[in-house]
Amino acid sequence: MAGDDPITFPDAPRAELDSALAQLVDQASKVLQTQGRLRALVRANRAVVSHLELPTVLRTIVEAAVDLVGARYGALGVIAEGGGLEQFIHVGMTPEDVDRIGHLPEGHGLLGALIDDPRPIRLAAIADDSRSAGFPNGHPPMTAFLGVPITVRDTVYGNLYLTEPESGEFTEDDEQLVKALAANAGFAIDNARLYAESRSRQAWAAATAELTASILGGESAETFTELVDRASPLLGARATVVLQQETDSLPHIVAAGEDDRSLAEAVAEAEQVRSALEGMQPTRLVGLPAGAPDGAPDAGPILVAPFALLDGRTAALVAIRDAGAPGFSPFELERATAFARQAELALELAAGRADRQRALLLEERARIARDLHDHVIQQLFGAGIELQSVESILGPGAVSDRIDGAVTSIDQAIAEIRTAIFALSHHNGSSGSLRHRLLDIVHEVGGGLPVPATVSFGGPVDVVSEPQLADDIAAFVREGLTNVVRHAGAETASVTVTASADAITIAVADDGRGLGDTTRRSGLHNLAERARLRGGELHIESSERGTLLRLRLPVPEGAR
C-alpha cells in the first residue's frame, strides 16, 4: 500500500541538518570544555590564595599550573637581584632525575630569554628555537614549552615554566589560562611576602626588646655574644659574627662561635667587608670575592650591618649564609642594621646608667666621709681632750694610767676613721697617691688572711712621698704582707704609715709564729737591701707572738 512507504528526505537538506547537528554538538563540547577549564582555573586560584607561607605558595602555584594545562613538568624560577635564578621550585621530576642532573637551572637559554624579555613564550618544540641551550646529561626529554612571567607590583618576581602537555602542544587557551593564573599568583606572592615581613618584624621587635633589657640589666661583656645568638636565627645564617675595626689592621673578631672562626677570619679579610665597616655602610654581598685566600671556607651571601661603639670605634654585625643559598633581602639588611644600632643605643644607655649610679655612690661615700670627719672625729677628739683635762686634775696614779690608755685608744680610732675616709674617697681623688696605692695593696694581699689586714696613716703621707719613694714603700708593704700570708700562719696583720718632715716610717705587724724558718728570713733580704739603697734602715722584731717589720726612710730634700 502506498501508505506503508517509508518517509524520506531529500539528500541535500538532510546533509545540511547533519552538519548543523554536528556543529552544535562540537560547540557544546567546546563550551563544556571551556567551562571545565574555567572551573579548573578557579580551583587553581583558590588553591594559590589559600596559603600564607611563601614557600608553600610558590610550590602551590607550580602544582596548580601543571594541573591547569595538563603538563607533565612545571617549575617556578625566582629571579635573583643581579639576574639569573635565585630559587627554582619544580614538580614532575623524580628524585632520581634530580640527582642525575646534578644542579638546578641557573637561568640560561630559554629560561634566561624569559628573564631578559618578560613576555610569554610558547613553543611546539624547544629544540627548534635558537635561544635553546639544550639539556644537561640525564635530563628528561622535553618538547613543547610554555613560559609566563609572574609580576608583583609591576616588578617581575619570577617565571612559570611548563613542558610536555598531555595534548602534545600548548594552545592559545593554555597560554591565556596560565597568564590569568600568573596574575593571581602575583597577588598571592605579594600577600605571602607581606605576611612573612609582618611576622619577621614581630620577631625582630621581640628580639630587640629582649636584647635591650638584657644589656641594661647585665654585663656589657656578654652583649656581642647575645647579639650574635639572637640575630643568627632571624637571618637564617650559617654563621653570625661581630667584627670590630682596628687601626691599621684587619678587623678584630669580637664574637663568633668556635666552629665559625675560620669563616669569620676569611670574611674579615674581604676588602668589601672592611670598606663597609670603615664607612659605616650597611652592605649585602653575594659572597667572598674571587681573590679569597687559598683554603678559605666557602661562603654564600654576606650581610654587613655596622654600628658604633662607645669608644668611637666601629663594629659590625656580619651574617653569612651557605654557598648557593638565597641572598639577603633589603628588608633583612634594614632589620639587621636597626637591630645592631639598637644594641649600640642600649650600650650607651647602660653606660649612662652606670655612670649615674657611680656618681650617686661617690656622692654617698663623700657624704659619709664628711660626716665622719665633721662629726665623729670631732666628737672623739673632744672626748680625748676632756679625758686629758681630767687626767691632769687627778695627777699620777692608776686611774690616770687608765685614762691615758683610753686617750691612746681614741687616737687609734681617729686614725682608723681617717683611713676609712680615704678609702671612701678612693675614686674621687687621685688614684695614684701613696695612700690609695697602699689601700689597694692591703686589700689585695691582706685580704687573704683569716681576718683581713688593716692600714692606718699618720702625718702628711702623700705630701712627703715623691714617686720613687712611693714605689719603694708600696713594694715594701706588698712584699711584707706577702711573707705574712705565705709563711707566718697569722690570723691578721696591720700596716701603719707615719710621715714627718724628714722621714717616713712604715710598720708591718702580724700575730703569726715568728721568723722561725729560714725561708721567711731569706725573703727579708730584699727588704733590707731596699732600705740600704734608700739610705734608710729596716728594724725586725720577732717572737712566738708575731713579727714586726719597721722601715724608716728619709724624705728627699725636694719633697720637704
# chains A, B, ... in the order shown; residues from 1 in each chain; ligands from 1
$ residues_around --residues "Thr171 of chain A" --least-positions-apart "3" --cutoff "10 Å" --atoms "only C-alpha atoms" --output "PyMOL selection string"
chain A and resi 69+122-124+146+165+167-168+174-177
$ write_last_selection --atoms "C-alpha atoms" --output "mmCIF file, in the first residue's frame"
data_model
loop_
_atom_site.group_PDB
_atom_site.id
_atom_site.type_symbol
_atom_site.label_atom_id
_atom_site.label_comp_id
_atom_site.auth_asym_id
_atom_site.auth_seq_id
_atom_site.Cartn_x
_atom_site.Cartn_y
_atom_site.Cartn_z
ATOM 1 C CA VAL A 69 47.039 22.777 31.410
ATOM 2 C CA ARG A 122 55.021 29.297 23.641
ATOM 3 C CA LEU A 123 56.856 26.727 21.555
ATOM 4 C CA ALA A 124 55.871 23.475 19.890
ATOM 5 C CA LEU A 146 55.194 27.491 27.761
ATOM 6 C CA PRO A 165 51.343 18.840 27.842
ATOM 7 C CA SER A 167 47.745 17.143 24.224
ATOM 8 C CA GLY A 168 51.280 17.285 22.805
ATOM 9 C CA ASP A 174 46.540 27.298 27.625
ATOM 10 C CA GLU A 175 48.608 30.470 27.445
ATOM 11 C CA GLN A 176 45.678 32.673 28.444
ATOM 12 C CA LEU A 177 44.789 30.404 31.370
#
$ select_by_dssp --residues "segment 251-479 of chain A" --states "helix (DSSP H, G or I)" --output "PyMOL selection string"
chain A and resi 258-268+271-278+330-394+398-424+434-448+461-464+467-479
$ write_last_selection --atoms "C-alpha atoms" --output "short mmCIF file (atom, residue, chain, number, x, y, z; two decimals), in the first residue's frame"
data_model
loop_
_atom_site.label_atom_id
_atom_site.label_comp_id
_atom_site.auth_asym_id
_atom_site.auth_seq_id
_atom_site.Cartn_x
_atom_site.Cartn_y
_atom_site.Cartn_z
CA GLU A 258 84.01 28.18 67.86
CA ASP A 259 83.10 26.47 64.57
CA ASP A 260 82.80 29.81 62.77
CA ARG A 261 86.28 31.25 63.47
CA SER A 262 87.91 30.28 60.17
CA LEU A 263 84.93 31.54 58.19
CA ALA A 264 84.89 34.78 60.21
CA GLU A 265 88.61 35.32 59.55
CA ALA A 266 88.10 34.86 55.79
CA VAL A 267 85.20 37.32 55.79
CA ALA A 268 87.17 39.86 57.88
CA GLU A 271 88.02 44.25 51.10
CA GLN A 272 84.29 44.89 50.64
CA VAL A 273 83.59 43.93 54.26
CA ARG A 274 86.38 46.20 55.55
CA SER A 275 85.11 49.09 53.40
CA ALA A 276 81.57 48.66 54.74
CA LEU A 277 82.93 48.60 58.30
CA GLU A 278 85.11 51.68 57.87
CA PRO A 330 66.82 44.70 51.54
CA PHE A 331 64.28 44.08 54.30
CA GLU A 332 66.69 41.78 56.14
CA LEU A 333 69.50 44.32 55.80
CA GLU A 334 67.23 47.05 57.16
CA ARG A 335 66.14 44.93 60.15
CA ALA A 336 69.66 43.71 60.96
CA THR A 337 71.03 47.26 60.83
CA ALA A 338 68.25 48.54 63.11
CA PHE A 339 68.90 45.62 65.48
CA ALA A 340 72.64 46.31 65.67
CA ARG A 341 72.11 50.02 66.22
CA GLN A 342 69.56 49.31 68.93
CA ALA A 343 72.30 47.35 70.68
CA GLU A 344 74.54 50.41 70.26
CA LEU A 345 71.87 52.62 71.84
CA ALA A 346 71.30 50.13 74.67
CA LEU A 347 75.04 50.11 75.40
CA GLU A 348 75.02 53.92 75.61
CA LEU A 349 72.02 53.83 77.94
CA ALA A 350 73.66 51.16 80.10
CA ALA A 351 76.88 53.19 80.29
CA GLY A 352 74.91 56.32 81.19
CA ARG A 353 73.02 54.44 83.87
CA ALA A 354 76.26 53.00 85.26
CA ASP A 355 77.80 56.49 85.33
CA ARG A 356 74.78 57.87 87.19
CA GLN A 357 74.88 55.01 89.70
CA ARG A 358 78.62 55.50 90.15
CA ALA A 359 78.12 59.22 90.69
CA LEU A 360 75.41 58.54 93.29
CA LEU A 361 77.68 56.04 95.03
CA LEU A 362 80.56 58.51 95.09
CA GLU A 363 78.28 61.24 96.40
CA GLU A 364 77.09 58.93 99.16
CA ARG A 365 80.67 57.98 100.03
CA ALA A 366 81.65 61.64 100.10
CA ARG A 367 78.72 62.40 102.42
CA ILE A 368 79.69 59.59 104.78
CA ALA A 369 83.32 60.74 104.71
CA ARG A 370 82.24 64.32 105.54
CA ASP A 371 80.04 63.12 108.39
CA LEU A 372 82.86 61.01 109.79
CA HIS A 373 85.29 63.91 109.58
CA ASP A 374 83.00 66.72 110.70
CA HIS A 375 81.10 64.89 113.43
CA VAL A 376 82.56 61.58 114.57
CA ILE A 377 86.25 62.58 114.58
CA GLN A 378 85.48 65.93 116.20
CA GLN A 379 83.43 64.25 118.93
CA LEU A 380 86.17 61.72 119.57
CA PHE A 381 88.78 64.48 119.56
CA GLY A 382 86.70 66.46 122.03
CA ALA A 383 86.28 63.41 124.25
CA GLY A 384 90.05 62.85 124.21
CA ILE A 385 90.76 66.44 125.24
CA GLU A 386 88.18 66.15 128.03
CA LEU A 387 89.81 62.96 129.31
CA GLN A 388 93.26 64.57 129.18
CA SER A 389 91.97 67.51 131.27
CA VAL A 390 90.54 65.07 133.82
CA GLU A 391 93.88 63.21 133.86
CA SER A 392 95.75 66.46 134.62
CA ILE A 393 93.39 67.15 137.54
CA LEU A 394 93.75 63.65 139.00
CA ALA A 398 96.19 54.02 138.41
CA VAL A 399 93.14 55.97 137.27
CA SER A 400 95.32 58.39 135.29
CA ASP A 401 97.02 55.45 133.59
CA ARG A 402 93.64 54.02 132.56
CA ILE A 403 92.57 57.41 131.26
CA ASP A 404 95.83 57.67 129.30
CA GLY A 405 95.13 54.24 127.76
CA ALA A 406 91.62 55.39 126.78
CA VAL A 407 93.05 58.50 125.11
CA THR A 408 95.50 56.33 123.19
CA SER A 409 92.61 54.12 122.03
CA ILE A 410 90.70 57.20 120.93
CA ASP A 411 93.73 58.37 118.93
CA GLN A 412 93.94 54.96 117.26
CA ALA A 413 90.21 55.08 116.47
CA ILE A 414 90.62 58.54 114.93
CA ALA A 415 93.50 57.23 112.78
CA GLU A 416 91.40 54.26 111.62
CA ILE A 417 88.45 56.53 110.82
CA ARG A 418 90.72 58.77 108.76
CA THR A 419 91.90 55.68 106.87
CA ALA A 420 88.25 54.78 106.22
CA ILE A 421 87.63 58.31 104.97
CA PHE A 422 90.47 57.96 102.46
CA ALA A 423 89.09 54.59 101.38
CA LEU A 424 85.62 56.04 100.86
CA LEU A 434 100.51 56.61 98.05
CA ARG A 435 97.57 56.28 100.42
CA HIS A 436 95.37 54.80 97.71
CA ARG A 437 98.09 52.51 96.41
CA LEU A 438 98.65 51.12 99.91
CA LEU A 439 94.92 50.73 100.47
CA ASP A 440 94.73 48.66 97.28
CA ILE A 441 97.74 46.53 98.23
CA VAL A 442 96.43 45.82 101.73
CA HIS A 443 93.01 44.93 100.33
CA GLU A 444 94.51 42.72 97.60
CA VAL A 445 97.21 40.88 99.58
CA GLY A 446 96.00 41.19 103.17
CA GLY A 447 92.50 40.11 102.20
CA GLY A 448 93.82 36.53 102.04
CA VAL A 461 101.98 60.87 103.85
CA ASP A 462 101.13 61.99 100.31
CA VAL A 463 102.98 65.30 100.66
CA VAL A 464 106.42 63.93 101.51
CA PRO A 467 107.19 58.96 93.10
CA GLN A 468 110.34 56.82 93.57
CA LEU A 469 109.96 56.82 97.34
CA ALA A 470 106.28 55.85 96.96
CA ASP A 471 107.29 52.94 94.69
CA ASP A 472 109.73 51.63 97.32
CA ILE A 473 107.17 51.96 100.12
CA ALA A 474 104.49 50.17 98.06
CA ALA A 475 106.95 47.37 97.21
CA PHE A 476 107.91 47.02 100.91
CA VAL A 477 104.30 46.74 102.04
CA ARG A 478 103.45 44.24 99.28
CA GLU A 479 106.48 42.04 100.00
#
$ closest_atom_pairs --of "segment 136-178 of chain A" --to "segment 182-190 of chain A" --cutoff "7 Å" --atoms "only C-alpha atoms" --output "Markdown table"
| residue | atom | partner | partner_atom | distance |
| --- | --- | --- | --- | --- |
| A:Ile150 | CA | A:Ala182 | CA | 5.2 |
| A:Thr151 | CA | A:Gly186 | CA | 5.4 |
| A:Val152 | CA | A:Gly186 | CA | 4.9 |
| A:Val178 | CA | A:Ala182 | CA | 6.0 |
$ residues_around --residues "Trp204 of chain A" --least-positions-apart "3" --cutoff "9 Å" --atoms "only C-alpha atoms" --output "PyMOL selection string"
chain A and resi 199-201+207-209+231+234+335-336+339
$ atom_distance --atom1 "atom CA of Arg486 of chain A" --atom2 "atom CA of Gly535 of chain A"
28.4 Å
$ residues_around --residues "segment 94-99 of chain A" --least-positions-apart "5" --cutoff "9 Å" --atoms "only C-alpha atoms" --output "list in words"
Leu104, Gly138, His139 and Pro140 of chain A
